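Participant: One structure, as structure tokens, below. Some questions next.
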Amino acid sequence: MGVLIRRRLTQLVLVVLAVTSATFIMLEAIPGDPCRQRIGPTATPEAIELCHEELSLDEPLPARYANWVGGVLRGDFGESYSNGISVRTTLAQVAPVTLQLVLYSLVLSLVIAVPLGVLAAYREGGKTDKTLMMSAYGMLSVPSFVLGVVLILLFSVHWQIFPSVGVVPLSENPPEHFRSMVLPVITLAVADIAIYIRTLRTEMSATLREDFITVAKSRGLSNRRVLWNHGLRASSLGLLTFVGLNVGRLIAGAVVVERIFGINGIGNYLVNSVIQRDYLVLQTLVAILAVAFVLVNLLVDILYAVVDPRIKPGTQT
Amino acid sequence: MIQRSGKNWFRVAAVTAVFAIGAAACGGSSSSDTDDTAVSSGDEANSTDNSDDSSGDASDSANDAADNGEDAGQDALPTPDDVDEVAAELPIQRGGSITYALESETAAGWDLSRTACPRACLQVAQTIFDPLITVDADGEFAGFLLESFEFDSERSVWVLEVRPGIEFQNGEELNAEAVALHLRTLLEPESISALALEYVESVTAVDELTVEVFVPPGENGEPAPAAGFPGQLAGQAGLVRAPAMIADAEAQLNPIGTGPFALAEWLPNDHTTVVRNEAYWLDGEDGQSLPYLDEVTFRPLPEGRAEAVLSGTIDMMHSADISDLEKFVENDGFNLEASDTFAEPSYLMINQDSPPLDDIRIRRALALCLDGQTIIDVRSAGIPTLANGPYAPGSIGYLAETGFPDFDPEAGMALIEEWEAENGELRPIRYGTIAGNSASITAQLQSKMWNDCGIEIDFRQLEFGEHVESGQLGDFDMLAWRFGGGPDPSSMYQFWHSSQAQPVGESSVNFNRIRDDVIDENLDRMRSASDPDEFREAAEAVSLRFGEQVYNLWTSWTVWGIGYDDNIHQVTILSLPGGGFALPLSSGNHFLTEAWVDAG
């Protein structure tokens with residue numbers, strides 16, 4: 001376990017350096033000047049020059065990157081080019097929202113997908129299986145931006161059951177918080193539900209043909225116990241891998257969902273930092289997302305050993 | 001006190017646009033009184049004198065134009081007379097809060113001397129800051145924080161009298177020194193207003209409440225180019241910041257004005273909450289201080305604003321998207337107020353430094369091949385009116401006929417053939433819009449029309465920042481643009497004058513690099529005009545020149561509207577300190593000072 005963690009942390013440093021340096025170079029290459037964004041179209045050359053000096057944009061690229069890395073190592077993520085607000089302050093405000101959104105979506109999708117995936121595998125080839133697979137196809141084929149808009153029109157505008165924009169903080173009003181999360185979470189979770197059902201169904205179908213399942217049945221264990229205690233456990237590795245890899249997709253999905261539902265999370269912060277050419281913010285967010293992705297997959301590796309004690313952590317990847 | 005409320009109608013405001021600042025804040029606007037030099041506010045708001053001042057006289061023409069009812073059309077839209085008389089009978093209620101959806105966030109914060117302040121920004125800023133000057137419901141200038149403003153042509157100074165007894169939200173006194181400090185910082189190179197106020201030489205507080213702004217005459221004794229000054233003070237530049245805010249290194253986070261609300265919380269990209277300024281200096285109908293509302297929360301919502309209001313999640317929104325506005329027509333329980341008078345023109349900006357667009361035949365061909373009315377009918381339900389020049393109906397300089405080519409594809413094709421016979425095959429024209437589905441569909445429709453004339457279009461969707469930067473640096477052939485508007489034609493001086501045209505690759509506020517002696521001459525005439533007829537003639541000459549030379553392809557006058565829950569009242573009312581009312585709705589912006597919520 002210790003070896004795995006050390007190895008992954010080394011990977012983490014390399015991944016973050018690679019991703020952030022590549023991002024830095026790409027940001028430099030794309031058109032757009034943070035100072036023109038901040039001041040507006042009527043900016044005079046003098047005002048732009050002063051702004052460049054203020055934001056140290058007149059320094060060479062390597063120096064700026066080194067300054068940024070140095071700041072991050074000291075825990076200083078810098079300040080927004082646009083408004084001078086520290087990135088750390090804003091992150092503290094927006095990160096919990098996105099984490100909640102992703103977590104709720106993950107929980108919802110697993111709670112729905114696992115039993116349906118097991119059921120589809122158990123009824124493989126039957127009407128239930130076919131219905132579930134067709135439904136999964138359907139769910140996968142609906143883009144989240146379409147689903148989100150449809151949900152808003154139905155549940156917000158027409159029936160006025162759920163709000164169409166914003167999220168009420170959990171600490172402020174828990175019932176309203178969950179009410180405001182319903183539509184965004186569903187929008188984000190639907191495609192994942194389909195993916196997880198299909199993944200689990202495939203894994204489980206193969207597992208149910210294994211000898212140890214036949215042995216378990218011959219020992220007189222109930223179908224339920226065979227499915228849930230033996231079949232599901234053995235089939236979970238594939239699902240776990242998918243969940244880990246899917247974190248990146250969830251974050252990308254959060255960008256879209258936060259935009260549709262006017263949620264001020266990391267996704268929205270990311271999009272606005274691009275629009276506003278707020279490179280420092282963008283750079284920091286990219287680094288944080290890269291770290292999060294690596295850490296989640298490290299966690300998945302560790303969970304392999306929990307699910308199947310025969311596996312030594314790190315050998316599955 | 002007038003109480004008004006629309007009832008599921010478009011209400012077309014008769015007057016508009018104090019803030020002639022387009023999406024990128026092109027400064028203020030101007031309009032004024034008839035005949036008078038000393039354009040006064042307060043009880044003297046409508047008084048006149050016969051002194052030979054420049055600005056007031058010149059701006060007078062704007063009022064004439066407005067009075068002539070040269071409206072943009074919109075026959076399908078109800079007028080401000082379509083009010084809910086039932087709501088007018090309701091007693092005003094104090095307290096409560098509203099949530100307001102804005103089309104964008106003011107990412108750079110609230111130091112408006114350092115950053116452009118587009119519509120969404122102004123909507124918030126007008127709650128925190130009061131203007132020195134505003135435009136009244138008749139389209140005339142009226143002092144707000146200023147009791148009077150008068151140009152002394154002998155000394156070549158604008159004399160500003162500050163209204164006494166007003167405090168900023170931090171308790172500092174609004175006096176001549178505070179106003180002078182505010183104005184002086186606007187002249188600094190990093191100020192967003194530096195170019196627009198380049199003709200101002202100095203600002204001095206001469207006593208407790210009097211400020212003098214020196215505008216030197218020309219070197220050869222020409223009249224001072226001072227006519228546009230009131231227009232500037234009626235725009236972004238006139239929103240007065242407290243001395244403490246000016247001294248604050250983080251002024252963008254800590255705005256302090258004299259406005260009816262004070263900033264309580266700003267979480268960028270999420271919300272801006274302003275709360276009632278308990279010490280506000282204007283009183284309501286009940287004798288207590290305004291505003292009536294306790295709190296307003298603004299939320300930036302680039303998408304889904306109308307749905308948010310219709311679902312009850314948000315109380316009010318503004319939009320220039322016709323499809324948004326139409327939703328309020330179709331649903332009960334909501335009000336809509338819309339305006340296109342003095343509106344910003346929407347147009348395709350043509351780069352004069354990008355051959356072959358420097359050839360008028362190509363520009364005319366582009367105009368002749370574009371069926372603007374069909375595009376309006378197809379894309380905007382026929383609601384906006386086809387634009388034909390830089391100045392909207394109601395503004396000085398508006399002409400029903402500017403010489404801008406009507407749709408005539410055969411004539412367009414003939415020009416292309418003529419040009420190609422001399423120069424060879426026409427290269428594809430680069431056409432850029434801000435990325436978005438709606439813009440893309442419109443651009444495809446336009447491109448089809450040009451293709452039918454044999455003009456190839458290289459269509460590009462640009463992210464907002466890239467779009468703006470393309471304009472500044474001249475890296476374009478044609479860009480979809482929305483800019484200008486307002487009743488003062490002289491406010492566009494720096495955007496069209498050749499003195500501000502820089503070569504491609506260098507930053508220029510004369511975005512399409514217009515270098516035209518006729519336009520220069522008439523912009524200069526407007527700035528220094530003391531005679532309203534001369535001012536009007538100069539503005540009309542600019543209008544004609546734009547039409548003839550086809551520097552832009554004018555598409556429509558932008559219709560802005562606000563949609564809101566019908567339990568909110570007086571959302572476009574502002575009683576002026578000297579009597580009368582401010583413009584109810586100016587390009588989507590309105591005051592919330594007297595808005596109130598019917599709790600029940």
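Identifiers for the structure tokens are assigned positionally: chains receive A, B, ... in sequence, residues are indexed from 1 per chain, and ligands are indexed from 1 in the order shown.
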Would you mind listing, for every residue of chain B within 7 Å of chain A, the two atoms forming the shortest contact and the distance between them in Å to one decimal, using only C-alpha atoms, sorted by chain and ascending residue number, as a tab-separated table?
Facilitator:
residue	atom	partner	partner_atom	distance
B:Ala24	CA	A:Pro41	CA	5.7
B:Cys26	CA	A:Thr42	CA	7.0
B:Ala107	CA	A:Ser82	CA	6.0
B:Ala108	CA	A:Asn83	CA	4.5
B:Gly109	CA	A:Asn83	CA	5.7
B:Arg114	CA	A:Ile39	CA	6.2
B:Thr115	CA	A:Ile39	CA	4.2
B:Ala116	CA	A:Gly40	CA	5.0
B:Pro189	CA	A:Ala47	CA	6.1
B:Glu190	CA	A:Ala47	CA	4.2
B:Ile192	CA	A:Ala43	CA	6.4
B:Gln252	CA	A:Asn83	CA	6.7
B:Asn269	CA	A:Asn264	CA	6.3
B:Asp270	CA	A:Asn264	CA	5.4
B:Leu301	CA	A:Gly262	CA	6.1
B:Glu303	CA	A:Ile260	CA	6.9
B:Glu307	CA	A:Val157	CA	6.2
B:Ala308	CA	A:Ser164	CA	5.7
B:Leu310	CA	A:Val157	CA	5.8
B:Ser311	CA	A:Val157	CA	4.1
B:Thr313	CA	A:Pro163	CA	5.4
B:Phe464	CA	A:Ile275	CA	6.7
B:Gly465	CA	A:Gly32	CA	5.7
B:Glu466	CA	A:Gly32	CA	5.3
B:Val468	CA	A:Pro41	CA	6.2
B:Glu469	CA	A:Gly32	CA	6.4
B:Gln472	CA	A:Pro41	CA	6.4
B:Ser507	CA	A:Pro45	CA	6.5
B:Val509	CA	A:Thr42	CA	5.5
Participant: Neighbouring residues of region 127-132 of chain A were defined as those with any atom within 12 Å, considering only C-alpha atoms; residues of the same chain fewer than 5 positions away were excluded. Please report them as a list of chain:residue names.
Facilitator: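 Once the nearby chain positions are removed, what remains is A:Ile112, A:Ala113, A:Pro115, A:Leu116, A:Gly117, A:Val118, A:Leu119, A:Ala120, A:Ala121, A:Tyr122, A:Tyr137, A:Gly138, A:Met139, A:Ile193, A:Ala194, A:Ile195, A:Tyr196, A:Ile197, A:Arg198, A:Arg201, A:Thr202, A:Ser205.
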Participant: From a DSSP calculation on the backbone, collect every residue of region 66-230 of chain A in alpha helix (DSSP H) and output the set as a compact mmCIF listing (two decimals) with C-alpha atoms, in the first residue's frame.
Facilitator:
# COMPACT_ATOMS: atom_id res chain seq x y z
CA ALA A 66 7.88 29.83 -11.83
CA ASN A 67 6.17 32.52 -9.77
CA TRP A 68 2.92 30.63 -9.95
CA VAL A 69 4.47 27.30 -8.96
CA GLY A 70 6.32 28.99 -6.11
CA GLY A 71 3.09 30.57 -4.92
CA VAL A 72 1.20 27.28 -5.04
CA LEU A 73 3.93 25.55 -3.04
CA VAL A 87 -8.33 32.40 -5.85
CA ARG A 88 -8.29 30.56 -2.54
CA THR A 89 -11.18 32.66 -1.21
CA THR A 90 -13.28 32.02 -4.29
CA LEU A 91 -12.39 28.33 -4.31
CA ALA A 92 -13.57 28.01 -0.74
CA GLN A 93 -16.92 29.37 -1.91
CA VAL A 94 -17.38 27.44 -5.13
CA ALA A 95 -15.68 24.09 -4.50
CA PRO A 96 -18.21 22.79 -1.95
CA VAL A 97 -21.05 23.35 -4.40
CA THR A 98 -19.40 21.31 -7.12
CA LEU A 99 -18.32 18.61 -4.68
CA GLN A 100 -21.89 18.32 -3.47
CA LEU A 101 -23.19 18.20 -7.01
CA VAL A 102 -20.73 15.50 -8.05
CA LEU A 103 -21.19 13.51 -4.84
CA TYR A 104 -24.99 13.54 -4.98
CA SER A 105 -24.86 12.63 -8.62
CA LEU A 106 -22.49 9.76 -7.94
CA VAL A 107 -24.60 8.44 -5.10
CA LEU A 108 -27.81 8.75 -7.08
CA SER A 109 -26.39 7.07 -10.13
CA LEU A 110 -24.94 4.17 -8.11
CA VAL A 111 -28.07 3.73 -6.02
CA ILE A 112 -30.12 3.40 -9.18
CA ALA A 113 -27.62 1.66 -11.45
CA VAL A 114 -26.36 -1.10 -9.18
CA PRO A 115 -29.67 -2.87 -8.53
CA LEU A 116 -30.77 -2.37 -12.13
CA GLY A 117 -27.45 -3.66 -13.45
CA VAL A 118 -27.71 -6.73 -11.23
CA LEU A 119 -31.30 -7.27 -12.28
CA ALA A 120 -30.45 -6.96 -15.98
CA ALA A 121 -27.68 -9.51 -15.60
CA TYR A 122 -29.90 -11.86 -13.64
CA LYS A 127 -37.73 -8.59 -21.34
CA THR A 128 -36.43 -6.85 -18.23
CA ASP A 129 -32.89 -6.97 -19.53
CA LYS A 130 -33.90 -5.69 -22.96
CA THR A 131 -36.03 -2.93 -21.50
CA LEU A 132 -33.25 -1.80 -19.20
CA MET A 133 -30.65 -1.87 -21.96
CA MET A 134 -32.90 0.11 -24.29
CA SER A 135 -33.56 2.61 -21.53
CA ALA A 136 -29.84 2.91 -20.94
CA TYR A 137 -29.27 3.61 -24.60
CA GLY A 138 -31.93 6.26 -24.47
CA MET A 139 -30.44 7.89 -21.39
CA LEU A 140 -27.00 7.90 -22.96
CA SER A 141 -28.25 9.50 -26.14
CA SER A 144 -27.17 16.87 -20.56
CA PHE A 145 -27.78 20.36 -21.94
CA VAL A 146 -30.96 19.15 -23.61
CA LEU A 147 -32.10 17.19 -20.58
CA GLY A 148 -31.41 20.14 -18.28
CA VAL A 149 -33.47 22.53 -20.38
CA VAL A 150 -36.34 20.06 -20.66
CA LEU A 151 -36.34 19.48 -16.91
CA PRO A 174 -31.17 21.80 4.20
CA PRO A 175 -34.61 21.02 2.71
CA GLU A 176 -34.31 23.86 0.20
CA HIS A 177 -30.74 22.82 -0.53
CA PHE A 178 -31.83 19.35 -1.59
CA ARG A 179 -34.79 20.76 -3.48
CA SER A 180 -32.53 23.09 -5.42
CA MET A 181 -30.16 20.21 -6.18
CA VAL A 182 -32.76 17.84 -7.62
CA LEU A 183 -32.76 18.97 -11.24
CA PRO A 184 -29.00 19.56 -11.57
CA VAL A 185 -28.20 16.21 -9.96
CA ILE A 186 -30.63 14.34 -12.18
CA THR A 187 -29.24 16.09 -15.24
CA LEU A 188 -25.72 15.12 -14.30
CA ALA A 189 -26.55 11.60 -13.16
CA VAL A 190 -28.70 10.30 -16.01
CA ALA A 191 -25.88 9.42 -18.39
CA ASP A 192 -23.86 7.89 -15.57
CA ILE A 193 -26.77 5.70 -14.55
CA ALA A 194 -26.87 4.31 -18.06
CA ILE A 195 -23.13 3.75 -18.18
CA TYR A 196 -23.05 2.01 -14.81
CA ILE A 197 -26.03 -0.22 -15.61
CA ARG A 198 -24.41 -1.38 -18.82
CA THR A 199 -21.00 -1.86 -17.23
CA LEU A 200 -22.30 -3.79 -14.27
CA ARG A 201 -24.65 -5.87 -16.38
CA THR A 202 -21.76 -6.96 -18.64
CA GLU A 203 -19.47 -7.76 -15.71
CA MET A 204 -22.18 -9.49 -13.76
CA SER A 205 -23.29 -11.63 -16.70
CA ALA A 206 -19.77 -12.97 -17.04
CA THR A 207 -19.48 -13.49 -13.30
CA ASP A 211 -17.69 -21.88 -11.48
CA PHE A 212 -17.76 -20.34 -8.02
CA ILE A 213 -21.29 -19.08 -8.65
CA THR A 214 -22.37 -22.60 -9.66
CA VAL A 215 -20.74 -23.93 -6.51
CA ALA A 216 -22.49 -21.32 -4.40
CA LYS A 217 -25.86 -22.23 -5.92
CA SER A 218 -25.17 -25.94 -5.44
CA ASN A 223 -30.40 -16.34 -5.42
CA ARG A 224 -30.32 -13.05 -3.55
CA ARG A 225 -27.24 -14.07 -1.57
Participant: Please identify all polymer residues within 12 Å of Gln500 (chain B), counting only C-alpha atoms, omitting same-chain residues fewer than 3 positions from it, and present them as a VMD selection string.
Facilitator: (chain A and resid 42 to 45) or (chain B and resid 195 to 196 198 472 492 to 497 503 506 to 516 520)
Participant: DSSP says strand (DSSP E) for which residues of region 246-348 of chain B? Put them as a ChimeraX atom specification?
Facilitator: /B:261-267,271-276,295-300,316-319,334-339,345-348
Participant: Please identify all polymer residues within 7 Å of Phe342 (chain B), counting only C-alpha atoms, omitting same-chain residues fewer than 2 positions from it, and present them as a list in words.
Facilitator: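 Counting only the stated atoms, we get Thr16, Ala17, Asp340, Glu344, Ala392, Pro393, Gly394, Ser395, Gly485, Gly486 and Pro487 of chain B.
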Participant: Neighbours of Ala381 (chain B) within 12 Å (only C-alpha atoms; same-chain residues fewer than 2 positions away dropped), as a PyMOL selection string?
Facilitator: chain B and resi 74+76-77+321-326+373-379+383-385
Participant: Please report, as a tab-separated table, each residue of region 185-235 of chain B lying at most 9 Å from region 129-146 of chain B, together with the nearest pair of atoms and the separation in Å rounded to one decimal; use only C-alpha atoms, and order rows by chain and ascending residue number.
Facilitator:
residue	atom	partner	partner_atom	distance
B:Pro230	CA	B:Ile133	CA	7.0
B:Gly231	CA	B:Ile133	CA	8.1
B:Gln232	CA	B:Ile133	CA	8.8
B:Leu233	CA	B:Ile133	CA	5.7
B:Ala234	CA	B:Ile133	CA	4.6
B:Gly235	CA	B:Pro131	CA	7.5
Participant: Quick one: pull the distance between CA of Leu221 (chain A) and CA of Val306 (chain A), Å, one decimal.
Facilitator: 23.4 Å
Participant: Could you list, as a list of chain:residue names, every residue within 12 Å of Ala292 (chain A), counting only C-alpha atoms and ignoring same-chain residues fewer than 3 positions away?
Facilitator: A:Leu9, A:Leu12, A:Val15, A:Val16, A:Ala95, A:Leu99, A:Gly244, A:Leu245, A:Val247, A:Gly248, A:Leu250, A:Ile251, A:Leu285, A:Val286, A:Ala287, A:Ile288, A:Leu289, A:Leu295, A:Val296, A:Asn297, A:Leu298, A:Leu299
Participant: So the first atom is CA of Ala264 (chain B) and the second is CA of Leu55 (chain A); what is the distance between them in Å, to one decimal place?
Facilitator: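 Taking CA of Ala264 (chain B) and CA of Leu55 (chain A), their separation equals 27.4 Å.
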Participant: Go ahead and compute the interatomic distance for CA of Gln93 (chain B) and CA of Val571 (chain B), in Å to one decimal.
Facilitator: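 Going from CA of Gln93 (chain B) over to CA of Val571 (chain B), I get 13.5 Å.
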Participant: Quick one: everything within 7 Å of region 208-223 of chain B, counting only C-alpha atoms, minus sequence neighbours fewer than 4 positions away in the same chain. Send it as a list in words.
Facilitator: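 So the residues in contact are Ser156, Val157, Trp158, Val159, Leu160, Glu161, Val162, Asn175, Ala176, Ala180, Tyr199, Val200, Glu201, Ser202, Val203, Thr204 and Ser528 of chain B.
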Participant: Keeping only C-alpha atoms, write those residues as a PDB file, in the first residue's frame.
Facilitator:
ATOM      1  CA  SER B 156     -14.794  78.436 -21.061  1.00  0.00           C
ATOM      2  CA  VAL B 157     -15.746  76.537 -17.920  1.00  0.00           C
ATOM      3  CA  TRP B 158     -18.593  74.263 -16.991  1.00  0.00           C
ATOM      4  CA  VAL B 159     -19.879  75.462 -13.634  1.00  0.00           C
ATOM      5  CA  LEU B 160     -21.338  72.596 -11.603  1.00  0.00           C
ATOM      6  CA  GLU B 161     -23.410  73.308  -8.493  1.00  0.00           C
ATOM      7  CA  VAL B 162     -23.562  70.324  -6.183  1.00  0.00           C
ATOM      8  CA  ASN B 175     -19.416  68.424  -1.766  1.00  0.00           C
ATOM      9  CA  ALA B 176     -17.493  70.201  -4.472  1.00  0.00           C
ATOM     10  CA  ALA B 180     -13.860  67.436  -8.231  1.00  0.00           C
ATOM     11  CA  TYR B 199     -10.891  68.003 -23.948  1.00  0.00           C
ATOM     12  CA  VAL B 200     -11.075  68.767 -20.208  1.00  0.00           C
ATOM     13  CA  GLU B 201      -7.977  70.519 -18.948  1.00  0.00           C
ATOM     14  CA  SER B 202      -8.659  70.930 -15.259  1.00  0.00           C
ATOM     15  CA  VAL B 203     -11.248  70.476 -12.527  1.00  0.00           C
ATOM     16  CA  THR B 204     -11.380  72.781  -9.539  1.00  0.00           C
ATOM     17  CA  SER B 528     -18.332  72.829 -30.171  1.00  0.00           C
TER      18      SER B 528
END
